[in-house]
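Asks: One file is attached below, run-v2.txt, containing compact mmCIF, C-alpha atoms.
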# COMPACT_ATOMS: atom_id res chain seq x y z
CA MET F 4 23.66 6.40 10.24
CA ASN F 5 25.85 8.19 7.72
CA LYS F 6 25.46 9.54 4.19
CA ASP F 7 26.59 6.22 2.71
CA VAL F 8 23.36 4.59 3.91
CA ILE F 9 21.25 7.23 2.16
CA SER F 10 23.46 7.06 -0.90
CA SER F 11 23.06 3.28 -1.10
CA LEU F 12 19.28 3.66 -1.35
CA LEU F 13 19.48 5.80 -4.48
CA PRO F 14 20.31 4.67 -8.01
CA ALA F 15 23.29 6.64 -9.33
CA ASN F 16 21.21 8.37 -12.01
CA ALA F 17 18.66 9.53 -9.40
CA LYS F 18 21.12 11.30 -7.10
CA PRO F 19 21.26 14.62 -9.01
CA ALA F 20 17.45 14.89 -9.05
CA PHE F 21 17.32 13.97 -5.35
CA LEU F 22 19.83 16.70 -4.47
CA ASP F 23 18.17 19.34 -6.68
CA GLU F 24 14.73 18.72 -5.19
CA PHE F 25 16.11 18.63 -1.66
CA LEU F 26 17.82 22.02 -2.08
CA GLU F 27 14.77 23.52 -3.77
CA ASN F 28 12.54 22.49 -0.86
CA TYR F 29 15.13 23.32 1.80
CA LEU F 30 15.54 26.88 0.51
CA SER F 31 11.89 27.48 -0.41
CA ARG F 32 11.11 29.33 2.84
CA GLY F 33 14.56 30.76 3.44
CA PHE F 34 17.82 29.22 4.62
CA GLY F 35 17.52 27.29 7.91
CA SER F 36 13.81 28.00 8.36
CA GLN F 37 12.64 24.37 8.43
CA SER F 38 12.65 22.24 11.56
CA LYS F 39 14.53 18.95 11.87
CA ARG F 40 11.23 17.07 11.67
CA GLU F 41 10.32 18.84 8.43
CA LEU F 42 13.70 17.95 6.95
CA ASP F 43 13.34 14.31 8.06
CA VAL F 44 9.94 14.17 6.36
CA LEU F 45 11.41 15.73 3.22
CA VAL F 46 14.25 13.21 3.07
CA ILE F 47 11.83 10.30 3.57
CA HIS F 48 9.62 11.66 0.78
CA LEU F 49 12.56 11.98 -1.61
CA LEU F 50 13.83 8.50 -0.75
CA CYS F 51 10.37 7.12 -1.54
CA LYS F 52 10.26 9.07 -4.78
CA TYR F 53 13.76 8.34 -6.05
CA GLY F 54 14.85 5.29 -4.08
CA GLY F 55 11.74 3.13 -3.83
CA LEU F 56 11.82 3.20 -0.04
CA GLU F 57 8.23 1.93 0.20
CA LYS F 58 9.27 -1.46 -1.18
CA SER F 59 10.88 -2.22 2.20
CA THR F 60 8.94 -3.19 5.32
CA ASN F 61 8.74 -0.86 8.29
CA ASN F 62 10.93 -3.28 10.23
CA GLU F 63 13.59 -3.25 7.51
CA LEU F 64 13.53 0.54 7.39
CA SER F 65 13.78 0.71 11.16
CA HIS F 66 17.07 -1.20 11.10
CA LEU F 67 18.36 0.60 8.03
CA LEU F 68 17.63 4.11 9.29
CA GLN F 69 18.34 3.22 12.94
CA ILE F 70 15.04 4.59 14.23
CA THR F 71 12.00 2.90 15.78
CA GLU F 72 9.23 1.38 13.67
CA ALA F 73 6.81 3.87 15.23
CA ARG F 74 8.95 6.71 13.95
CA VAL F 75 9.21 5.09 10.51
CA ARG F 76 5.40 4.87 10.32
CA GLY F 77 5.03 8.47 11.46
CA LEU F 78 7.55 9.87 8.98
CA LEU F 79 6.13 7.90 6.05
CA TYR F 80 2.60 9.03 6.91
CA GLU F 81 3.58 12.69 7.27
CA ALA F 82 5.52 12.50 4.02
CA LYS F 83 2.45 11.26 2.15
CA LEU F 84 0.26 13.96 3.70
CA LYS F 85 2.68 16.79 2.95
CA TYR F 86 3.73 15.49 -0.46
CA PRO F 87 0.70 13.60 -1.85
CA PRO F 88 1.55 10.76 -4.27
CA GLU F 89 1.84 11.91 -7.87
CA GLU F 90 1.23 8.40 -9.19
CA ASP F 91 -2.19 7.97 -10.76
CA LYS F 92 -4.57 5.75 -8.75
CA TYR F 93 -1.96 5.33 -5.99
CA ILE F 94 -4.44 4.22 -3.29
CA GLU F 95 -6.22 1.79 -5.61
CA LYS F 96 -2.93 0.16 -6.65
CA GLN F 97 -1.62 -0.13 -3.10
CA ILE F 98 -4.84 -1.80 -1.95
CA LEU F 99 -4.50 -4.45 -4.67
CA LEU F 100 -0.86 -5.08 -3.76
CA ALA F 101 -1.91 -5.57 -0.12
CA LEU F 102 -4.72 -7.92 -1.15
CA ALA F 103 -2.21 -9.94 -3.20
CA LYS F 104 -0.95 -11.32 0.13
CA SER F 105 -4.31 -11.59 1.85
CA GLN F 106 -5.78 -14.60 3.65
CA PHE F 107 -9.33 -15.88 4.01
CA ASP F 108 -10.89 -16.60 7.40
CA VAL F 109 -13.32 -19.43 6.64
CA ASP F 110 -15.26 -19.19 9.91
CA LYS F 111 -15.81 -15.43 9.79
CA GLN F 112 -15.91 -15.31 5.97
CA SER F 113 -13.63 -12.30 6.04
CA ILE F 114 -10.50 -11.24 4.21
CA ARG F 115 -7.44 -10.39 6.31
CA PHE F 116 -4.48 -8.46 4.96
CA ILE F 117 -1.63 -6.26 6.15
CA VAL F 118 -1.38 -2.59 5.19
CA GLU F 119 1.78 -1.13 6.74
CA ASN F 120 1.36 2.12 4.82
CA SER F 121 -0.70 4.28 7.22
CA TYR F 122 -1.69 6.71 4.46
CA VAL F 123 -3.22 3.87 2.44
CA ARG F 124 -4.73 2.11 5.46
CA PHE F 125 -6.54 5.21 6.73
CA ALA F 126 -7.82 5.95 3.23
CA LEU F 127 -9.05 2.35 2.90
CA GLN F 128 -10.80 2.39 6.27
CA ALA F 129 -12.44 5.74 5.52
CA LYS F 130 -13.68 4.47 2.15
CA VAL F 131 -15.11 1.27 3.67
CA LYS F 132 -16.91 3.29 6.37
CA SER F 133 -18.33 5.70 3.78
CA LEU F 134 -19.79 2.70 1.94
CA GLY F 135 -21.44 1.40 5.10
CA GLY F 136 -18.84 -1.20 6.03
CA VAL F 137 -16.98 -1.71 9.31
CA PRO F 138 -13.32 -2.68 8.84
CA ASP F 139 -11.80 -4.35 11.90
CA SER F 140 -8.21 -3.58 12.89
CA SER F 141 -8.64 -4.05 16.63
CA PHE F 142 -6.20 -6.96 16.89
CA ASN F 143 -3.36 -5.21 15.11
CA ARG F 144 -3.68 -1.76 13.57
CA GLU F 145 -1.68 -2.83 10.52
CA VAL F 146 -3.97 -5.82 9.91
CA VAL F 147 -7.30 -5.11 8.24
CA ASN F 148 -10.18 -7.60 8.52
CA ILE F 149 -13.15 -7.03 6.25
CA ASN F 150 -16.21 -9.15 5.51
CA TRP F 151 -16.11 -10.44 1.92
CA GLU F 152 -19.47 -8.84 1.09
CA GLN F 153 -18.22 -5.46 2.30
CA LEU F 154 -15.08 -5.98 0.25
CA ALA F 155 -17.27 -6.59 -2.82
CA VAL F 156 -18.88 -3.17 -2.29
CA LEU F 157 -15.45 -1.57 -2.02
CA ILE F 158 -14.23 -3.35 -5.16
CA GLU F 159 -17.19 -2.07 -7.14
CA ASP F 160 -16.60 1.50 -5.95
CA LEU F 161 -12.88 1.45 -6.78
CA TYR F 162 -12.60 -0.90 -9.77
CA GLY F 163 -16.03 -1.09 -11.36
CA LYS F 164 -19.16 -3.23 -11.33
CA ASP F 165 -17.81 -5.92 -13.68
CA VAL F 166 -14.87 -6.68 -11.37
CA ALA F 167 -17.17 -6.71 -8.32
CA GLU F 168 -19.65 -9.09 -9.97
CA ARG F 169 -16.81 -11.45 -10.87
CA PHE F 170 -15.60 -11.32 -7.27
CA LYS F 171 -19.05 -12.10 -5.86
CA LYS F 172 -19.59 -14.98 -8.29
CA GLU F 173 -16.20 -16.53 -7.57
CA PHE F 174 -16.47 -15.99 -3.82
CA LYS F 175 -19.90 -17.59 -3.56
CA GLN F 176 -18.40 -20.73 -5.07
CA LEU F 177 -15.53 -20.53 -2.61
CA VAL F 178 -17.76 -20.50 0.48
CA GLU F 179 -19.93 -23.38 -0.70
CA LYS F 180 -19.30 -26.57 1.25
CA GLY F 181 -17.30 -29.11 -0.69
CA SER F 182 -16.13 -26.56 -3.24
CA LYS F 183 -12.76 -27.33 -4.81
CA VAL F 184 -12.17 -23.67 -5.62
CA THR F 185 -9.35 -22.17 -3.55
CA PHE F 186 -9.08 -18.65 -2.17
CA LYS F 187 -5.75 -18.25 -3.96
CA GLU F 188 -7.45 -18.92 -7.32
CA VAL F 189 -10.30 -16.50 -6.61
CA ARG F 190 -7.91 -13.84 -5.39
CA LYS F 191 -5.74 -14.06 -8.49
CA LYS F 192 -8.66 -13.81 -10.94
CA VAL F 193 -10.26 -10.87 -9.16
CA LEU F 194 -7.08 -8.90 -8.52
CA LEU F 195 -5.85 -9.24 -12.10
CA GLY F 196 -9.28 -8.14 -13.32
CA ALA F 197 -9.12 -5.08 -11.07
CA ALA F 198 -5.54 -4.38 -12.14
CA GLY F 199 -6.66 -4.43 -15.76
CA ALA F 200 -8.90 -1.46 -15.01
CA LEU F 201 -5.77 0.44 -13.87
CA GLY F 202 -3.66 -0.27 -16.95
CA GLY F 203 -1.44 -2.93 -18.46
CA ALA F 204 1.74 -1.72 -16.77
CA PHE F 205 0.23 -2.29 -13.33
CA VAL F 206 -0.99 -5.76 -14.32
CA LYS F 207 2.68 -6.76 -14.70
CA ILE F 208 3.52 -5.35 -11.27
CA LEU F 209 0.63 -7.21 -9.65
CA LYS F 210 1.49 -10.46 -11.40
CA ALA F 211 4.98 -10.21 -9.92
CA ALA F 212 3.49 -9.66 -6.46
CA LEU F 213 1.20 -12.69 -6.86
CA THR F 214 4.04 -14.85 -8.16
CA GLY F 215 6.09 -14.00 -5.11
CA ASP F 216 3.25 -15.04 -2.81
CA PRO F 217 4.44 -18.02 -0.74
CA THR F 218 0.91 -19.27 0.03
As structure tokens, what does this structure read like?
Replies:
Amino acid sequence: MNKDVISSLLPANAKPAFLDEFLENYLSRGFGSQSKRELDVLVIHLLCKYGGLEKSTNNELSHLLQITEARVRGLLYEAKLKYPPEEDKYIEKQILLALAKSQFDVDKQSIRFIVENSYVRFALQAKVKSLGGVPDSSFNREVVNINWEQLAVLIEDLYGKDVAERFKKEFKQLVEKGSKVTFKEVRKKVLLGAAGALGGAFVKILKAALTGDPT
């Protein structure tokens, strides 16, 4: 990989800020004092901040950066730990974006969705456990399975009682035999309601994610 790859990830107007912040961090403890791993984490953090790196999948980033997916996951996770997200309600927003592409397991009455972002996934699992739930990611660590009733508890904790009550009402209709209500309809109503609690700007982002849903 060469500098052109990195350069292509950054909008032209973001490059000066990227360079300034890189140099500031690089020199913060003295010239040459940071390890290669620390510099890799710094670059990943700055690419997320200024280049929207998180919009790409881990597989796409693996090919782009010419490193393994495992290393991509590790660097992204370390970057979030060392440089916590400045965006307000970051975890709450990322959970909704993941749920925008979720699926419903009729037999187990559980919601299944992918969370590639390890920082978000670990935070989600910890929150579910603290509320008495048991998220299942035994099949694939990036796939989270959660019972719909446990998800309702999580929704209330993160987005408020009104959103949770709407979810429970809609979901009870969904699981009734012969119901014509679809999971896609329930998901859209609930997620947009939760997004509303996070602000109008995020509602637009979530609507775009739902519109792009192929299901």
Asks: Residues near range 64-75 of chain F, anyone? I mean within 12 Å using all atoms listed in the file, not counting same-chain ones fewer than 3 positions away, as a VMD selection string.
Replies: chain F and resid 4 to 9 11 to 12 40 43 to 44 46 to 48 50 to 51 55 to 61 78 to 82 119 to 121 145
Asks: For Phe107 in chain F, please output as number ranges by chain all residues within 9 Å (counting only C-alpha atoms; exclusion window: fewer than 6 positions along the same chain).
Replies: F: 113-116, 151, 186
Asks: Show which residues sit within 12 Å of Ala101 in chain F, as an NGL selection string. Count all atoms listed in the file, and ignore same-chain residues fewer than 3 positions away.
Replies: :F and (58 or 94-98 or 104-106 or 114-120 or 123-124 or 127 or 145-147 or 190 or 194 or 209 or 212-213 or 216)
Asks: One decimal, in Å: what's the spacing between CA of Thr185 in chain F and CA of Lys207 in chain F?
Replies: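 Distance reported for this atom pair: 22.5 Å.
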Asks: Which residue gives the smallest distance to Lys187 in chain F among F:Ala103, F:Ala200, F:Ala167, F:Ala20, with all atoms listed in the file counted?
Replies: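 Going through F:Ala103, F:Ala200, F:Ala167, F:Ala20 one by one, the smallest distance to Lys187 in chain F is for F:Ala103.
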Asks: To one decimal place, how far is CA of Ala15 in chain F from CA of Leu84 in chain F in Å?
Replies: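 Computing the Euclidean distance for CA of Ala15 in chain F and CA of Leu84 in chain F yields 27.5 Å.
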Asks: So how many Å separate CA of Val178 in chain F and CA of Thr214 in chain F, to one decimal?
Replies: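 If I compute the distance from CA of Val178 in chain F to CA of Thr214 in chain F, I get 24.1 Å.
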Asks: Would you pick out the contacts of Glu152 in chain F at 12 Å or less, using only C-alpha atoms, so that residues sharing its chain but fewer than 2 positions from it are not included, and give the list as number ranges by chain?
Replies: F: 111-114, 131, 134-138, 148-150, 154-159, 167-168, 170-172, 174-175, 178
Asks: Taking all atoms listed in the file into account, name the residue in F:Gln153, F:Leu177, F:Glu41, F:Lys52 that is nearest to Glu89 in chain F.
Replies: F:Lys52
Asks: With distances taken over all atoms listed in the file, which of F:Arg169, F:Lys132, F:Lys92, F:Lys183 is nearest to Gly202 in chain F?
Replies: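 Smallest distance to Gly202 in chain F is found for F:Lys92.
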Asks: For Pro19 in chain F, which residue among F:Phe205, F:Leu102, F:Leu49, F:Gln128 is the nearest when counting only C-alpha atoms?
Replies: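 Of F:Phe205, F:Leu102, F:Leu49, F:Gln128, the one nearest Pro19 in chain F is F:Leu49, counting only C-alpha atoms.
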Asks: Please define a box with edges along x, y and z of the file around all atoms of range 101-119 of chain F given in the file, extend it by 3 Å on each side, and return its centre and edge lengths in Å to one decimal, as lines of an AutoDock Vina configuration file.
Replies:
center_x = -7.1
center_y = -10.3
center_z = 3.4
size_x = 23.7
size_y = 24.3
size_z = 19.1
